[in-house]
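As structure tokens, the structure follows; a few thoughts come after it.
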2 protein chains.
Amino acid sequence: MKRDIDVLVSEVGPRDGLQSIQTVFTTDGKMEWIRSEAAAGVPQMQVGSFVNPKLLPQMADSAEIVAQSILIDGLTVSALVPNMKGAVNGLAAGAHQIGVVMSVSEEHNQANIRRSVQESLDGFAEIVAYRNEHPEYKDQIISGGMATCFGCTISGPVPVKDVMKVAEGLMERGAQRLNVADTVGYANPKQVRDLFTELYRTVGKDVPVGAHFHDTRGLGLANVFAALDAGVREFDSCLGGLGGCPYAPGASGNIVTEDLVFMLEAQGMKTGVDLDGLLQAREIMERQLKGEPVHGTYINAGPPKGFTPATHAA
Amino acid sequence: MKRDIDVLVSEVGPRDGLQSIQTVFTTDGKMEWIRSEAAAGVPQMQVGSFVNPKLLPQMADSAEIVAQSILIDGLTVSALVPNMKGAVNGLAAGAHQIGVVMSVSEEHNQANIRRSVQESLDGFAEIVAYRNEHPEYKDQIISGGMATCFGCTISGPVPVKDVMKVAEGLMERGAQRLNVADTVGYANPKQVRDLFTELYRTVGKDVPVGAHFHDTRGLGLANVFAALDAGVREFDSCLGGLGGCPYAPGASGNIVTEDLVFMLEAQGMKTGVDLDGLLQAREIMERQLKGEPVHGTYINAGPPKGFTPATHAA
């Protein structure tokens, strides 16, 4: 299925949303969510994470979820992996895209995956080599995910040059795309525009770059606007902002998919996503929660009078 | 008091916030709020509205509030007026700035103040003439406020050329500044940047222009960022986002002062406002509420690690 879209909305709720809450969705429940959101036109979804199931039981069925999701027509299925073991499993499950994550901040990377940044880059190269050694995986994309690009809860400010160094390191080691994450919700729009402008200067305009923002300090959509300015055309988001609670200290949810789609469509940018369909998918997701809060404004405010989404315009 | 600031934050809570809720603050309670927020460094506040007190009992003490507020060192005190009667009272009370409001949308203007746009422009000219006839008011500024600049709940989309026509009409009739309002929370950032760019082209770069955004669809701060790009350096906001509830249908609160200040300061723009002082003022405001919800993210998330506000930087 070829899509006529201007901006790629990448739903990460089944991974980033679900890994942050207590409730464990059943495999069928996850698939109902994924299918309904794909039916609404969402072109890409991060459906799971190949991590130790003892650490994240919510993600234990990721192989099964990937296997079922790749049967959905036109959906690009991605999965997160922290290391070679995850990559081996993710590739075997058939994910179209494998996101290998590391932190730009040394302290954060050590705390999270007990590796130096250099060791993580070496690990990335090994994963790419593994994929390349297996011809059956040749169409599966390896994406380099960079966490804490806009600041770190442990070390504070993260220099732009550190982000560039990691980005170059990932590209040299065979990354086919990059994902730039404001993991802890520190970014402001000026910083975002400056960093992505510098990033394209560093790695070139042709590298597909996705942005991953959290709305911790209310700047998520402002950051999207700033990133659009710099040329970014792919954004991670989470239906209903699942996984973060702006009314609890330290909370940090992803930007809200339906609010993101509304903003883009209002700005004349086609996402291919139907807002009504998205709200139906949200209902399916929400029904499975056990008291976890959901977020967003479009769900209550609805469209402006006379609003025509770009996707539905002639 | 001369202030070294890059962006003017104009608190409108004592007017826009309070007129939207049930609880009627006492005059002393309002003044405690106003004084504490001025002490935090907020340089301008819209403290009341000279309207029929039968329609808005919350605003009945506006003359007294203005009289007390103008005694606060360095604070620019503004008041909203819908017509000549309000202007006469607002000027007599001593407000530094009188904001005369009208809607760009004919339907909205008729519904709200039972006048055509042309009649409102004529009324604006009469108010300016009245001020000019009274030498004792010569330093009091008349601002032209334009509502529904980004869309109307009655008529839908509002053409940019209609906004330009009203802006030119106000300038020709002696407006010393303009306020551009997204009264119903319809604006998106692209639209905002385009409209303000066109506005400066139309009225000239030297006219002080303020922007008034609501966060109804979660785009308030994205719209601020877009307006900054176009050159806007004055924003209305409301402490705690009082007056709107994003979790109720049709809700429409102002952008949140403390979130706005955080964004600007994080971007290196001096507001002169101290964030801790602002949260203290918020507590004073919040104590007087009777169950009305308040909003915002900074209050819960706090500053990023290592954050230095521009105002406090060397």
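Naming scheme: A, B, ... for chains in displayed order of the structure tokens; residues 1 onward per chain; ligands 1 onward as shown.
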All residues 10 Å or closer to range 104-106 of chain A, only C-alpha atoms, same chain fewer than 4 positions away omitted, as number ranges by chain: A: 110-112, 114-118, 120, 145-160, 162-167, 180-181
Export, as an mmCIF file, in the first residue's frame, the selected residues with N, CA and C atoms.
data_model
loop_
_atom_site.group_PDB
_atom_site.id
_atom_site.type_symbol
_atom_site.label_atom_id
_atom_site.label_comp_id
_atom_site.auth_asym_id
_atom_site.auth_seq_id
_atom_site.Cartn_x
_atom_site.Cartn_y
_atom_site.Cartn_z
ATOM 1 N N GLN A 110 25.018 4.372 31.163
ATOM 2 C CA GLN A 110 25.544 3.472 32.199
ATOM 3 C C GLN A 110 24.428 3.018 33.130
ATOM 4 N N ALA A 111 23.611 3.961 33.568
ATOM 5 C CA ALA A 111 22.545 3.636 34.518
ATOM 6 C C ALA A 111 21.515 2.704 33.895
ATOM 7 N N ASN A 112 21.250 2.906 32.611
ATOM 8 C CA ASN A 112 20.173 2.168 31.948
ATOM 9 C C ASN A 112 20.600 0.814 31.400
ATOM 10 N N ARG A 114 24.106 -0.230 31.445
ATOM 11 C CA ARG A 114 25.420 -0.590 31.990
ATOM 12 C C ARG A 114 26.505 -0.709 30.922
ATOM 13 N N ARG A 115 26.512 0.276 30.038
ATOM 14 C CA ARG A 115 27.523 0.329 28.992
ATOM 15 C C ARG A 115 27.949 1.774 28.794
ATOM 16 N N SER A 116 29.179 1.943 28.319
ATOM 17 C CA SER A 116 29.595 3.278 27.892
ATOM 18 C C SER A 116 28.962 3.548 26.529
ATOM 19 N N VAL A 117 28.941 4.799 26.124
ATOM 20 C CA VAL A 117 28.410 5.161 24.811
ATOM 21 C C VAL A 117 29.205 4.425 23.719
ATOM 22 N N GLN A 118 30.527 4.375 23.895
ATOM 23 C CA GLN A 118 31.369 3.688 22.913
ATOM 24 C C GLN A 118 31.011 2.203 22.814
ATOM 25 N N SER A 120 28.136 0.910 23.463
ATOM 26 C CA SER A 120 26.833 0.815 22.801
ATOM 27 C C SER A 120 26.984 0.962 21.293
ATOM 28 N N GLY A 145 18.522 4.639 17.678
ATOM 29 C CA GLY A 145 17.736 5.478 18.586
ATOM 30 C C GLY A 145 18.629 6.151 19.616
ATOM 31 N N MET A 146 18.512 7.469 19.705
ATOM 32 C CA MET A 146 19.345 8.228 20.642
ATOM 33 C C MET A 146 18.483 8.843 21.731
ATOM 34 N N ALA A 147 18.676 8.386 22.966
ATOM 35 C CA ALA A 147 17.918 8.909 24.101
ATOM 36 C C ALA A 147 18.653 10.088 24.734
ATOM 37 N N THR A 148 17.919 10.852 25.537
ATOM 38 C CA THR A 148 18.446 12.015 26.292
ATOM 39 C C THR A 148 19.160 13.040 25.405
ATOM 40 N N CYS A 149 18.637 13.265 24.208
ATOM 41 C CA CYS A 149 19.285 14.207 23.284
ATOM 42 C C CYS A 149 19.130 15.663 23.712
ATOM 43 N N PHE A 150 18.178 15.932 24.607
ATOM 44 C CA PHE A 150 17.920 17.325 24.982
ATOM 45 C C PHE A 150 18.161 17.579 26.470
ATOM 46 N N GLY A 151 18.796 16.623 27.111
ATOM 47 C CA GLY A 151 19.063 16.781 28.531
ATOM 48 C C GLY A 151 18.842 15.468 29.245
ATOM 49 N N CYS A 152 19.424 15.367 30.422
ATOM 50 C CA CYS A 152 19.466 14.099 31.150
ATOM 51 C C CYS A 152 19.142 14.348 32.621
ATOM 52 N N THR A 153 18.316 13.479 33.190
ATOM 53 C CA THR A 153 17.939 13.635 34.601
ATOM 54 C C THR A 153 19.120 13.382 35.538
ATOM 55 N N ILE A 154 20.171 12.745 35.034
ATOM 56 C CA ILE A 154 21.331 12.479 35.888
ATOM 57 C C ILE A 154 22.406 13.544 35.690
ATOM 58 N N SER A 155 22.758 13.793 34.429
ATOM 59 C CA SER A 155 23.883 14.704 34.175
ATOM 60 C C SER A 155 23.472 16.121 33.792
ATOM 61 N N GLY A 156 22.177 16.368 33.635
ATOM 62 C CA GLY A 156 21.741 17.717 33.263
ATOM 63 C C GLY A 156 21.860 17.963 31.771
ATOM 64 N N PRO A 157 22.292 19.187 31.399
ATOM 65 C CA PRO A 157 22.355 19.541 29.977
ATOM 66 C C PRO A 157 23.233 18.587 29.173
ATOM 67 N N VAL A 158 22.812 18.268 27.944
ATOM 68 C CA VAL A 158 23.575 17.407 27.045
ATOM 69 C C VAL A 158 24.036 18.266 25.858
ATOM 70 N N PRO A 159 25.349 18.397 25.663
ATOM 71 C CA PRO A 159 25.843 19.237 24.564
ATOM 72 C C PRO A 159 25.412 18.713 23.194
ATOM 73 N N VAL A 160 25.059 19.624 22.296
ATOM 74 C CA VAL A 160 24.649 19.250 20.940
ATOM 75 C C VAL A 160 25.761 18.436 20.261
ATOM 76 N N ASP A 162 27.713 16.304 21.481
ATOM 77 C CA ASP A 162 27.654 14.898 21.899
ATOM 78 C C ASP A 162 26.607 14.134 21.087
ATOM 79 N N VAL A 163 25.475 14.803 20.816
ATOM 80 C CA VAL A 163 24.428 14.171 20.007
ATOM 81 C C VAL A 163 24.959 13.927 18.594
ATOM 82 N N MET A 164 25.664 14.911 18.055
ATOM 83 C CA MET A 164 26.196 14.776 16.689
ATOM 84 C C MET A 164 27.211 13.635 16.607
ATOM 85 N N LYS A 165 28.005 13.531 17.656
ATOM 86 C CA LYS A 165 29.027 12.480 17.681
ATOM 87 C C LYS A 165 28.377 11.092 17.647
ATOM 88 N N VAL A 166 27.344 10.913 18.441
ATOM 89 C CA VAL A 166 26.643 9.627 18.461
ATOM 90 C C VAL A 166 25.935 9.395 17.126
ATOM 91 N N ALA A 167 25.313 10.455 16.590
ATOM 92 C CA ALA A 167 24.609 10.323 15.302
ATOM 93 C C ALA A 167 25.588 9.890 14.207
ATOM 94 N N VAL A 180 15.542 10.578 17.322
ATOM 95 C CA VAL A 180 16.086 11.531 18.283
ATOM 96 C C VAL A 180 15.055 11.739 19.393
ATOM 97 N N ALA A 181 15.415 11.340 20.607
ATOM 98 C CA ALA A 181 14.413 11.330 21.672
ATOM 99 C C ALA A 181 14.697 12.329 22.791
#
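For Ile72 in chain B, the set of protein, DNA and RNA residues having any atom at most 8 Å away, when counting only C-alpha atoms and skipping those fewer than 4 positions along the same chain, is Arg35, Ala38 and Gln68 of chain B.
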Nearby residues (only C-alpha atoms) at most 7 Å from range 136-139 of chain A, same-chain spacing under 4 positions excluded, as a list in words: Leu91, Arg131 and Asn132 of chain A
Select, as a JSON list (two decimals) with N, CA and C atoms, in the first residue's frame, those residues of chain B with any atom no more than 6 Å from chain A (distances computed using only C-alpha atoms).
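File selection.json, as written:
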[["chain", "number", "residue", "atom", "x", "y", "z"],
["B", 153, "THR", "N", -16.70, 30.22, 16.47],
["B", 153, "THR", "CA", -17.61, 29.10, 16.77],
["B", 153, "THR", "C", -18.94, 29.23, 16.04],
["B", 156, "GLY", "N", -17.32, 29.79, 11.68],
["B", 156, "GLY", "CA", -16.24, 28.92, 11.20],
["B", 156, "GLY", "C", -14.98, 29.70, 10.85],
["B", 186, "TYR", "N", -8.98, 27.93, 18.32],
["B", 186, "TYR", "CA", -8.98, 27.27, 17.01],
["B", 186, "TYR", "C", -7.61, 27.30, 16.32],
["B", 190, "LYS", "N", 1.02, 27.06, 12.30],
["B", 190, "LYS", "CA", 1.30, 27.57, 10.96],
["B", 190, "LYS", "C", 0.44, 28.80, 10.67],
["B", 217, "ARG", "N", -7.16, 23.21, 22.36],
["B", 217, "ARG", "CA", -6.77, 22.02, 21.60],
["B", 217, "ARG", "C", -5.28, 21.71, 21.76],
["B", 218, "GLY", "N", -4.74, 22.13, 22.90],
["B", 218, "GLY", "CA", -3.37, 21.74, 23.26],
["B", 218, "GLY", "C", -2.26, 22.45, 22.48],
["B", 221, "LEU", "N", 1.02, 26.71, 23.50],
["B", 221, "LEU", "CA", 2.45, 27.07, 23.54],
["B", 221, "LEU", "C", 3.12, 26.89, 22.18],
["B", 222, "ALA", "N", 2.61, 25.96, 21.38],
["B", 222, "ALA", "CA", 3.10, 25.86, 20.00],
["B", 222, "ALA", "C", 2.76, 27.15, 19.26],
["B", 246, "PRO", "N", -9.59, 21.53, 30.35],
["B", 246, "PRO", "CA", -9.37, 20.71, 29.16],
["B", 246, "PRO", "C", -10.09, 19.37, 29.23],
["B", 249, "PRO", "N", -16.08, 19.17, 27.97],
["B", 249, "PRO", "CA", -16.38, 19.55, 26.60],
["B", 249, "PRO", "C", -16.51, 21.07, 26.47],
["B", 250, "GLY", "N", -15.98, 21.60, 25.38],
["B", 250, "GLY", "CA", -16.12, 23.03, 25.11],
["B", 250, "GLY", "C", -15.25, 23.91, 25.96],
["B", 267, "GLN", "N", 14.21, 29.03, 26.55],
["B", 267, "GLN", "CA", 14.70, 29.42, 25.22],
["B", 267, "GLN", "C", 15.67, 30.59, 25.26],
["B", 297, "THR", "N", 1.75, 22.22, 33.65],
["B", 297, "THR", "CA", 2.67, 21.09, 33.76],
["B", 297, "THR", "C", 3.88, 21.44, 34.62],
["B", 298, "TYR", "N", 4.33, 22.69, 34.56],
["B", 298, "TYR", "CA", 5.54, 23.06, 35.29],
["B", 298, "TYR", "C", 5.37, 22.83, 36.78],
["B", 300, "ASN", "N", 4.01, 20.53, 38.35],
["B", 300, "ASN", "CA", 4.31, 19.15, 38.74],
["B", 300, "ASN", "C", 5.69, 18.68, 38.31],
["B", 301, "ALA", "N", 6.09, 19.08, 37.12],
["B", 301, "ALA", "CA", 7.35, 18.56, 36.57],
["B", 301, "ALA", "C", 8.56, 19.29, 37.13],
["B", 304, "PRO", "N", 14.01, 21.29, 34.59],
["B", 304, "PRO", "CA", 14.99, 20.25, 34.24],
["B", 304, "PRO", "C", 16.23, 20.40, 35.11],
["B", 305, "LYS", "N", 16.94, 19.29, 35.29],
["B", 305, "LYS", "CA", 18.19, 19.34, 36.05],
["B", 305, "LYS", "C", 19.19, 20.27, 35.36],
["B", 306, "GLY", "N", 19.76, 21.18, 36.13],
["B", 306, "GLY", "CA", 20.75, 22.09, 35.57],
["B", 306, "GLY", "C", 20.16, 23.28, 34.85]]
Filtered DSSP result for range 39-252 of chain B, state strand (DSSP E or B), as a PDB file with N, CA and C atoms, in the first residue's frame:
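Contents of selection-v1.pdb, freshly written:
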ATOM      1  N   GLN B  44       3.035  43.098  33.617  1.00  0.00           N
ATOM      2  CA  GLN B  44       1.754  43.664  33.167  1.00  0.00           C
ATOM      3  C   GLN B  44       0.626  42.732  33.573  1.00  0.00           C
ATOM      4  N   MET B  45      -0.485  43.303  34.036  1.00  0.00           N
ATOM      5  CA  MET B  45      -1.639  42.476  34.384  1.00  0.00           C
ATOM      6  C   MET B  45      -2.930  43.150  33.936  1.00  0.00           C
ATOM      7  N   GLN B  46      -3.811  42.331  33.379  1.00  0.00           N
ATOM      8  CA  GLN B  46      -5.162  42.807  33.086  1.00  0.00           C
ATOM      9  C   GLN B  46      -5.988  42.455  34.317  1.00  0.00           C
ATOM     10  N   VAL B  47      -6.334  43.478  35.077  1.00  0.00           N
ATOM     11  CA  VAL B  47      -6.865  43.223  36.419  1.00  0.00           C
ATOM     12  C   VAL B  47      -8.384  43.250  36.497  1.00  0.00           C
ATOM     13  N   GLY B  48      -9.050  43.713  35.442  1.00  0.00           N
ATOM     14  CA  GLY B  48     -10.506  43.761  35.516  1.00  0.00           C
ATOM     15  C   GLY B  48     -11.141  44.108  34.192  1.00  0.00           C
ATOM     16  N   SER B  49     -12.456  44.184  34.229  1.00  0.00           N
ATOM     17  CA  SER B  49     -13.229  44.446  33.018  1.00  0.00           C
ATOM     18  C   SER B  49     -14.365  45.386  33.396  1.00  0.00           C
ATOM     19  N   THR B  76       2.380  47.508  34.914  1.00  0.00           N
ATOM     20  CA  THR B  76       1.464  48.109  33.941  1.00  0.00           C
ATOM     21  C   THR B  76       0.095  47.473  34.132  1.00  0.00           C
ATOM     22  N   VAL B  77      -0.897  48.324  34.390  1.00  0.00           N
ATOM     23  CA  VAL B  77      -2.232  47.834  34.727  1.00  0.00           C
ATOM     24  C   VAL B  77      -3.163  48.054  33.539  1.00  0.00           C
ATOM     25  N   SER B  78      -3.741  46.963  33.060  1.00  0.00           N
ATOM     26  CA  SER B  78      -4.685  47.113  31.954  1.00  0.00           C
ATOM     27  C   SER B  78      -6.069  46.638  32.368  1.00  0.00           C
ATOM     28  N   ALA B  79      -7.061  47.106  31.623  1.00  0.00           N
ATOM     29  CA  ALA B  79      -8.439  46.695  31.876  1.00  0.00           C
ATOM     30  C   ALA B  79      -9.149  46.547  30.539  1.00  0.00           C
ATOM     31  N   LEU B  80     -10.109  45.645  30.527  1.00  0.00           N
ATOM     32  CA  LEU B  80     -10.875  45.409  29.306  1.00  0.00           C
ATOM     33  C   LEU B  80     -12.148  46.256  29.339  1.00  0.00           C
ATOM     34  N   VAL B  81     -12.530  46.786  28.169  1.00  0.00           N
ATOM     35  CA  VAL B  81     -13.809  47.512  28.089  1.00  0.00           C
ATOM     36  C   VAL B  81     -14.508  47.132  26.786  1.00  0.00           C
ATOM     37  N   GLN B  97      -3.687  51.081  30.662  1.00  0.00           N
ATOM     38  CA  GLN B  97      -4.012  50.611  29.325  1.00  0.00           C
ATOM     39  C   GLN B  97      -5.464  50.145  29.279  1.00  0.00           C
ATOM     40  N   ILE B  98      -6.169  50.594  28.254  1.00  0.00           N
ATOM     41  CA  ILE B  98      -7.570  50.224  28.082  1.00  0.00           C
ATOM     42  C   ILE B  98      -7.661  49.356  26.834  1.00  0.00           C
ATOM     43  N   GLY B  99      -8.083  48.135  27.020  1.00  0.00           N
ATOM     44  CA  GLY B  99      -8.249  47.241  25.873  1.00  0.00           C
ATOM     45  C   GLY B  99      -9.697  47.236  25.418  1.00  0.00           C
ATOM     46  N   VAL B 100      -9.929  47.776  24.232  1.00  0.00           N
ATOM     47  CA  VAL B 100     -11.288  47.807  23.684  1.00  0.00           C
ATOM     48  C   VAL B 100     -11.441  46.605  22.760  1.00  0.00           C
ATOM     49  N   VAL B 101     -12.413  45.750  23.070  1.00  0.00           N
ATOM     50  CA  VAL B 101     -12.521  44.503  22.292  1.00  0.00           C
ATOM     51  C   VAL B 101     -13.668  44.483  21.309  1.00  0.00           C
ATOM     52  N   MET B 102     -13.405  43.856  20.183  1.00  0.00           N
ATOM     53  CA  MET B 102     -14.439  43.584  19.189  1.00  0.00           C
ATOM     54  C   MET B 102     -14.052  42.299  18.473  1.00  0.00           C
ATOM     55  N   SER B 103     -15.042  41.678  17.819  1.00  0.00           N
ATOM     56  CA  SER B 103     -14.749  40.447  17.086  1.00  0.00           C
ATOM     57  C   SER B 103     -14.540  40.758  15.611  1.00  0.00           C
ATOM     58  N   ILE B 141      -3.076  54.450  27.522  1.00  0.00           N
ATOM     59  CA  ILE B 141      -2.977  53.837  26.186  1.00  0.00           C
ATOM     60  C   ILE B 141      -4.302  53.179  25.792  1.00  0.00           C
ATOM     61  N   ILE B 142      -4.700  53.370  24.545  1.00  0.00           N
ATOM     62  CA  ILE B 142      -5.871  52.634  24.038  1.00  0.00           C
ATOM     63  C   ILE B 142      -5.383  51.521  23.102  1.00  0.00           C
ATOM     64  N   SER B 143      -5.749  50.296  23.467  1.00  0.00           N
ATOM     65  CA  SER B 143      -5.346  49.129  22.678  1.00  0.00           C
ATOM     66  C   SER B 143      -6.564  48.571  21.935  1.00  0.00           C
ATOM     67  N   GLY B 144      -6.341  48.163  20.703  1.00  0.00           N
ATOM     68  CA  GLY B 144      -7.430  47.566  19.918  1.00  0.00           C
ATOM     69  C   GLY B 144      -7.385  46.049  20.025  1.00  0.00           C
ATOM     70  N   GLY B 145      -8.416  45.486  20.625  1.00  0.00           N
ATOM     71  CA  GLY B 145      -8.453  44.039  20.807  1.00  0.00           C
ATOM     72  C   GLY B 145      -9.329  43.377  19.762  1.00  0.00           C
ATOM     73  N   MET B 146      -8.754  42.392  19.077  1.00  0.00           N
ATOM     74  CA  MET B 146      -9.489  41.698  18.016  1.00  0.00           C
ATOM     75  C   MET B 146      -9.738  40.251  18.409  1.00  0.00           C
ATOM     76  N   ALA B 147     -11.001  39.904  18.594  1.00  0.00           N
ATOM     77  CA  ALA B 147     -11.367  38.531  18.963  1.00  0.00           C
ATOM     78  C   ALA B 147     -11.620  37.695  17.706  1.00  0.00           C
ATOM     79  N   CYS B 152     -14.114  31.129  14.263  1.00  0.00           N
ATOM     80  CA  CYS B 152     -15.280  31.552  15.046  1.00  0.00           C
ATOM     81  C   CYS B 152     -16.200  30.360  15.266  1.00  0.00           C
ATOM     82  N   GLY B 156     -17.322  29.787  11.683  1.00  0.00           N
ATOM     83  CA  GLY B 156     -16.240  28.917  11.200  1.00  0.00           C
ATOM     84  C   GLY B 156     -14.984  29.703  10.847  1.00  0.00           C
ATOM     85  N   ARG B 177      -1.852  50.172  20.170  1.00  0.00           N
ATOM     86  CA  ARG B 177      -1.355  48.808  20.136  1.00  0.00           C
ATOM     87  C   ARG B 177      -2.495  47.893  19.747  1.00  0.00           C
ATOM     88  N   LEU B 178      -2.155  46.661  19.388  1.00  0.00           N
ATOM     89  CA  LEU B 178      -3.173  45.700  18.969  1.00  0.00           C
ATOM     90  C   LEU B 178      -3.037  44.425  19.806  1.00  0.00           C
ATOM     91  N   ASN B 179      -4.162  43.783  20.029  1.00  0.00           N
ATOM     92  CA  ASN B 179      -4.156  42.471  20.671  1.00  0.00           C
ATOM     93  C   ASN B 179      -4.920  41.501  19.779  1.00  0.00           C
ATOM     94  N   VAL B 180      -4.255  40.434  19.416  1.00  0.00           N
ATOM     95  CA  VAL B 180      -4.811  39.470  18.460  1.00  0.00           C
ATOM     96  C   VAL B 180      -5.190  38.208  19.228  1.00  0.00           C
ATOM     97  N   ALA B 181      -6.484  37.890  19.257  1.00  0.00           N
ATOM     98  CA  ALA B 181      -6.930  36.807  20.127  1.00  0.00           C
ATOM     99  C   ALA B 181      -7.481  35.601  19.375  1.00  0.00           C
ATOM    100  N   VAL B 209       2.279  44.591  19.345  1.00  0.00           N
ATOM    101  CA  VAL B 209       1.213  43.612  19.117  1.00  0.00           C
ATOM    102  C   VAL B 209       1.287  42.533  20.186  1.00  0.00           C
ATOM    103  N   GLY B 210       0.187  42.293  20.859  1.00  0.00           N
ATOM    104  CA  GLY B 210       0.108  41.204  21.818  1.00  0.00           C
ATOM    105  C   GLY B 210      -0.685  40.046  21.238  1.00  0.00           C
ATOM    106  N   ALA B 211      -0.390  38.850  21.722  1.00  0.00           N
ATOM    107  CA  ALA B 211      -1.123  37.664  21.272  1.00  0.00           C
ATOM    108  C   ALA B 211      -1.822  37.022  22.463  1.00  0.00           C
ATOM    109  N   HIS B 212      -3.019  36.557  22.220  1.00  0.00           N
ATOM    110  CA  HIS B 212      -3.862  35.981  23.273  1.00  0.00           C
ATOM    111  C   HIS B 212      -4.324  34.599  22.805  1.00  0.00           C
ATOM    112  N   HIS B 214      -5.641  30.561  23.631  1.00  0.00           N
ATOM    113  CA  HIS B 214      -6.250  29.589  24.535  1.00  0.00           C
ATOM    114  C   HIS B 214      -5.677  28.215  24.212  1.00  0.00           C
ATOM    115  N   GLU B 234       4.801  39.882  23.079  1.00  0.00           N
ATOM    116  CA  GLU B 234       3.892  40.092  24.211  1.00  0.00           C
ATOM    117  C   GLU B 234       2.803  39.029  24.182  1.00  0.00           C
ATOM    118  N   PHE B 235       2.624  38.339  25.312  1.00  0.00           N
ATOM    119  CA  PHE B 235       1.656  37.247  25.365  1.00  0.00           C
ATOM    120  C   PHE B 235       0.787  37.331  26.607  1.00  0.00           C
ATOM    121  N   ASP B 236      -0.516  37.184  26.400  1.00  0.00           N
ATOM    122  CA  ASP B 236      -1.450  37.048  27.512  1.00  0.00           C
ATOM    123  C   ASP B 236      -1.397  35.616  28.022  1.00  0.00           C
ATOM    124  N   SER B 237      -1.545  35.452  29.324  1.00  0.00           N
ATOM    125  CA  SER B 237      -1.600  34.103  29.890  1.00  0.00           C
ATOM    126  C   SER B 237      -2.283  34.182  31.241  1.00  0.00           C
ATOM    127  N   CYS B 238      -2.554  33.014  31.798  1.00  0.00           N
ATOM    128  CA  CYS B 238      -3.308  32.978  33.044  1.00  0.00           C
ATOM    129  C   CYS B 238      -2.658  31.993  34.020  1.00  0.00           C
TER     130      CYS B 238
END
Those in range 16-159 of chain A with helix (DSSP H, G or I) from DSSP, as a ChimeraX atom specification: /A:16-20,27-39,57-59,62-69,84-93,106-113,117-133,135-137
Hey, can you spit out that residue selection with C-alpha atoms as a compact mmCIF listing (two decimals), in the first residue's frame?
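Saved file part_26.txt follows:
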# COMPACT_ATOMS: atom_id res chain seq x y z
CA ASP A 16 6.19 3.15 25.34
CA GLY A 17 2.65 3.56 26.72
CA LEU A 18 2.18 -0.01 27.92
CA GLN A 19 5.64 -0.38 29.40
CA SER A 20 4.96 2.60 31.67
CA THR A 27 -2.13 -10.31 23.38
CA ASP A 28 -5.62 -10.18 21.91
CA GLY A 29 -6.26 -6.84 23.58
CA LYS A 30 -3.07 -5.37 22.16
CA MET A 31 -3.93 -6.67 18.70
CA GLU A 32 -7.43 -5.19 18.87
CA TRP A 33 -5.82 -1.81 19.64
CA ILE A 34 -3.15 -2.17 16.93
CA ARG A 35 -5.66 -3.29 14.29
CA SER A 36 -8.11 -0.50 15.06
CA GLU A 37 -5.43 2.15 14.93
CA ALA A 38 -4.00 0.76 11.70
CA ALA A 39 -7.54 0.81 10.30
CA PRO A 57 6.28 -8.55 31.65
CA GLN A 58 4.06 -6.22 29.59
CA MET A 59 6.38 -6.86 26.64
CA SER A 62 6.37 -9.00 21.66
CA ALA A 63 7.33 -11.77 19.21
CA GLU A 64 3.70 -12.85 18.87
CA ILE A 65 2.52 -9.22 18.55
CA VAL A 66 5.06 -8.53 15.81
CA ALA A 67 4.13 -11.75 14.00
CA GLN A 68 0.45 -10.78 13.95
CA SER A 69 1.05 -7.10 13.21
CA MET A 84 22.06 -8.12 20.37
CA LYS A 85 19.79 -10.66 22.04
CA GLY A 86 16.79 -8.39 21.48
CA ALA A 87 17.86 -7.73 17.90
CA VAL A 88 18.16 -11.45 17.15
CA ASN A 89 14.65 -12.02 18.48
CA GLY A 90 13.17 -8.93 16.85
CA LEU A 91 14.59 -9.78 13.43
CA ALA A 92 13.44 -13.38 13.74
CA ALA A 93 9.93 -12.21 14.64
CA GLU A 106 27.21 8.61 29.41
CA GLU A 107 25.67 8.62 32.87
CA HIS A 108 22.21 7.72 31.58
CA ASN A 109 23.58 4.98 29.33
CA GLN A 110 25.54 3.47 32.20
CA ALA A 111 22.54 3.64 34.52
CA ASN A 112 20.17 2.17 31.95
CA ILE A 113 22.12 -0.47 30.08
CA VAL A 117 28.41 5.16 24.81
CA GLN A 118 31.37 3.69 22.91
CA GLU A 119 30.39 0.16 23.95
CA SER A 120 26.83 0.82 22.80
CA LEU A 121 28.10 2.02 19.41
CA ASP A 122 30.20 -1.14 19.12
CA GLY A 123 27.13 -3.17 19.99
CA PHE A 124 25.17 -1.36 17.29
CA ALA A 125 27.80 -2.30 14.71
CA GLU A 126 27.51 -5.96 15.76
CA ILE A 127 23.75 -5.88 15.32
CA VAL A 128 24.08 -4.41 11.83
CA ALA A 129 26.70 -7.06 10.99
CA TYR A 130 24.38 -9.80 12.25
CA ARG A 131 21.53 -8.52 10.08
CA ASN A 132 23.87 -8.29 7.08
CA GLU A 133 25.06 -11.86 7.58
CA PRO A 135 20.14 -12.52 3.73
CA GLU A 136 16.63 -13.35 4.91
CA TYR A 137 16.70 -10.15 7.00
Nearest candidate to Gly241 in chain A (options A:Val294, A:Leu275, A:Ala40, A:Ile70; using only C-alpha atoms):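 Between A:Val294, A:Leu275, A:Ala40, A:Ile70, the residue approaching Gly241 in chain A most closely is A:Val294.
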Point-to-point distance in Å for CA of Leu278 in chain A and CA of Asp182 in chain B: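 The value is 26.1 Å.
When CA of Ala95 in chain B is paired with CA of Thr257 in chain B, their separation reads 21.7 Å.
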Gap from CA of Thr271 in chain A to CA of Ala230 in chain A - Å, one decimal: 18.1 Å
